[in-house]
Structures are given as C-alpha cells and as structure tokens.
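One structure is given here, and the rest of the page talks about it.
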Amino acid sequence: MTTFLDRMYPGQKGRVIGYVDDSPVVRRLTELGLIPGREIIYLRNAPLQDPLQIQVGASCLSLRRSEASLVAVELEE
C-alpha cells in the first residue's frame, strides 16, 4: 500500500519509493538518507503531532509534517 510519510503511525515500517517534487527540501532529505528503496520505521510523534521521528538505517531523524508529506512510502504489511 502506498501512502505518504506524514500519514504513517508510530511503529509502522515502510520503504521510500519517491518524492512529490524536486525542491531544496527534497534534496536535503536525500542527503539525510531518505533515498528510494531505503527502509524506514516511524518511531513517534511529538506531543502536538509535529515534528515526527523516524529511523533510517542506524540514524534517527526528526521531520516536520510538511517535510514528511513530500515523501512517498510503500508500507510493509
């Protein structure tokens, strides 16, 4: 099932499949390791739901929901 990173729930796993556009934010996310084919784990939300924390490989990243909405993800079932 394909969705966007900002629509995932804590504990879900998925694989990055692409991006919505080619903005400077997207280029920065790829520099941080969010490249297509990479497995991610949605760890948790902040108390007000923004930012969210994910694990990419051995790294933990905190992303704003607006940034996470640019990342297309295929969920693992």
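Chain labels A, B, ... are given in the sequence in which chains occur in the structure tokens; within each chain residues are numbered consecutively from 1, and ligands are likewise numbered from 1 in the order shown.
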Find the residues around Gln55 (chain A) up to 6 Å (only C-alpha atoms counted), leave out those fewer than 4 positions away in its own chain, and share them as an mmCIF file with C-alpha atoms, in the first residue's frame.
data_model
loop_
_atom_site.group_PDB
_atom_site.id
_atom_site.type_symbol
_atom_site.label_atom_id
_atom_site.label_comp_id
_atom_site.auth_asym_id
_atom_site.auth_seq_id
_atom_site.Cartn_x
_atom_site.Cartn_y
_atom_site.Cartn_z
ATOM 1 C CA ILE A 40 12.202 3.461 7.425
ATOM 2 C CA ILE A 41 10.490 2.956 10.773
ATOM 3 C CA SER A 59 20.050 7.174 12.261
ATOM 4 C CA CYS A 60 17.039 8.798 13.896
#
- Shell of 10 Å around Gly18 (chain A), only C-alpha atoms, local chain residues under 4 positions omitted, as a PyMOL selection string: chain A and resi 4+26+34-37+70-74
Kindly save the residues from that selection, with C-alpha atoms included, as an mmCIF file, in the first residue's frame.
data_model
loop_
_atom_site.group_PDB
_atom_site.id
_atom_site.type_symbol
_atom_site.label_atom_id
_atom_site.label_comp_id
_atom_site.auth_asym_id
_atom_site.auth_seq_id
_atom_site.Cartn_x
_atom_site.Cartn_y
_atom_site.Cartn_z
ATOM 1 C CA PHE A 4 2.985 9.453 2.441
ATOM 2 C CA VAL A 26 13.723 17.080 -1.016
ATOM 3 C CA LEU A 34 15.852 9.163 2.703
ATOM 4 C CA ILE A 35 16.620 7.689 -0.694
ATOM 5 C CA PRO A 36 14.261 5.474 -2.719
ATOM 6 C CA GLY A 37 14.476 1.839 -1.647
ATOM 7 C CA LEU A 70 6.754 15.117 0.370
ATOM 8 C CA VAL A 71 7.967 11.518 0.870
ATOM 9 C CA ALA A 72 6.011 8.678 -0.790
ATOM 10 C CA VAL A 73 6.252 5.410 1.133
ATOM 11 C CA GLU A 74 5.204 1.826 0.470
#
- Query: Out of A:Gln53, A:Tyr9, A:Asp22, A:Ala58, which residue has the shortest atom-to-atom distance to Glu39 (chain A) when counting only C-alpha atoms?
  - Reply: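 Of A:Gln53, A:Tyr9, A:Asp22, A:Ala58, the one nearest Glu39 (chain A), counting only C-alpha atoms, is A:Ala58.
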Gly57 (chain A) proximity check over A:Arg15, A:Leu75, A:Asp6, A:Asp21, using only C-alpha atoms: winner is A:Arg15
Fill in: Spatial neighbours of Pro51 (chain A), max dist 9 Å, only C-alpha atoms, sep filter under 6 positions, as a ChimeraX atom specification
/A:45,62-65
| task | Considering only C-alpha atoms, return as a VMD selection string whatever protein or nucleic-acid residues lie within 6 Å of Tyr42 (chain A), sequence-local ones (same chain, fewer than 5 positions apart) excluded. | result | chain A and resid 10 to 12 54
Using C-alpha atoms, can you write the selected residues to a file as a tab-separated table (two decimals), in the first residue's frame?
chain	number	residue	atom	x	y	z
A	10	PRO	CA	4.12	5.02	15.23
A	11	GLY	CA	5.51	1.52	14.85
A	12	GLN	CA	4.81	1.21	11.12
A	54	ILE	CA	11.72	8.21	12.11
Neighbour list for Arg7 (chain A) as a list in words, cut-off 9 Å, only C-alpha atoms, skip fewer than 4 positions in-chain
Thr3, Ala68 and Ser69 of chain A
- What gap, in Å, lies between CA of Met1 (chain A) and CA of Arg28 (chain A)?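 So the two atoms, CA of Met1 (chain A) and CA of Arg28 (chain A), lie 25.5 Å apart.
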Please compute the CA of Leu29 (chain A)-CA of Glu67 (chain A) distance, one decimal, in Å.
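Interatomic distance here is 8.4 Å.
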Enumerate as a list in words all residues of chain A assigned to alpha helix (DSSP H) by DSSP on the backbone, naming them with the chain letters and numbers the document uses.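 So, restricting chain A to alpha helix (DSSP H), we get Pro24, Val25, Val26, Arg27, Arg28, Leu29, Thr30, Glu31, Arg65, Ser66, Glu67 and Ala68 of chain A.
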Output N, CA and C atoms for every residue in the selection just made, as a PDB file, in the first residue's frame.
ATOM      1  N   PRO A  24      14.413  22.149  -2.814  1.00  0.00           N
ATOM      2  CA  PRO A  24      15.612  22.071  -1.963  1.00  0.00           C
ATOM      3  C   PRO A  24      15.393  21.205  -0.716  1.00  0.00           C
ATOM      4  N   VAL A  25      14.171  21.172  -0.212  1.00  0.00           N
ATOM      5  CA  VAL A  25      13.859  20.342   0.952  1.00  0.00           C
ATOM      6  C   VAL A  25      14.044  18.866   0.596  1.00  0.00           C
ATOM      7  N   VAL A  26      13.584  18.475  -0.574  1.00  0.00           N
ATOM      8  CA  VAL A  26      13.723  17.080  -1.016  1.00  0.00           C
ATOM      9  C   VAL A  26      15.199  16.725  -1.180  1.00  0.00           C
ATOM     10  N   ARG A  27      15.974  17.619  -1.734  1.00  0.00           N
ATOM     11  CA  ARG A  27      17.408  17.356  -1.870  1.00  0.00           C
ATOM     12  C   ARG A  27      18.058  17.172  -0.506  1.00  0.00           C
ATOM     13  N   ARG A  28      17.631  17.954   0.462  1.00  0.00           N
ATOM     14  CA  ARG A  28      18.173  17.829   1.824  1.00  0.00           C
ATOM     15  C   ARG A  28      17.764  16.493   2.447  1.00  0.00           C
ATOM     16  N   LEU A  29      16.536  16.057   2.220  1.00  0.00           N
ATOM     17  CA  LEU A  29      16.087  14.768   2.759  1.00  0.00           C
ATOM     18  C   LEU A  29      16.897  13.618   2.167  1.00  0.00           C
ATOM     19  N   THR A  30      17.239  13.699   0.880  1.00  0.00           N
ATOM     20  CA  THR A  30      18.060  12.648   0.291  1.00  0.00           C
ATOM     21  C   THR A  30      19.464  12.663   0.877  1.00  0.00           C
ATOM     22  N   GLU A  31      19.978  13.843   1.189  1.00  0.00           N
ATOM     23  CA  GLU A  31      21.287  13.932   1.835  1.00  0.00           C
ATOM     24  C   GLU A  31      21.264  13.303   3.223  1.00  0.00           C
ATOM     25  N   ARG A  65       5.991  17.820   9.681  1.00  0.00           N
ATOM     26  CA  ARG A  65       4.959  17.144   8.892  1.00  0.00           C
ATOM     27  C   ARG A  65       4.958  17.661   7.449  1.00  0.00           C
ATOM     28  N   SER A  66       5.224  18.941   7.262  1.00  0.00           N
ATOM     29  CA  SER A  66       5.258  19.488   5.897  1.00  0.00           C
ATOM     30  C   SER A  66       6.368  18.841   5.074  1.00  0.00           C
ATOM     31  N   GLU A  67       7.490  18.513   5.701  1.00  0.00           N
ATOM     32  CA  GLU A  67       8.581  17.824   5.004  1.00  0.00           C
ATOM     33  C   GLU A  67       8.212  16.364   4.751  1.00  0.00           C
ATOM     34  N   ALA A  68       7.626  15.727   5.744  1.00  0.00           N
ATOM     35  CA  ALA A  68       7.248  14.314   5.627  1.00  0.00           C
ATOM     36  C   ALA A  68       6.173  14.100   4.564  1.00  0.00           C
TER      37      ALA A  68
END
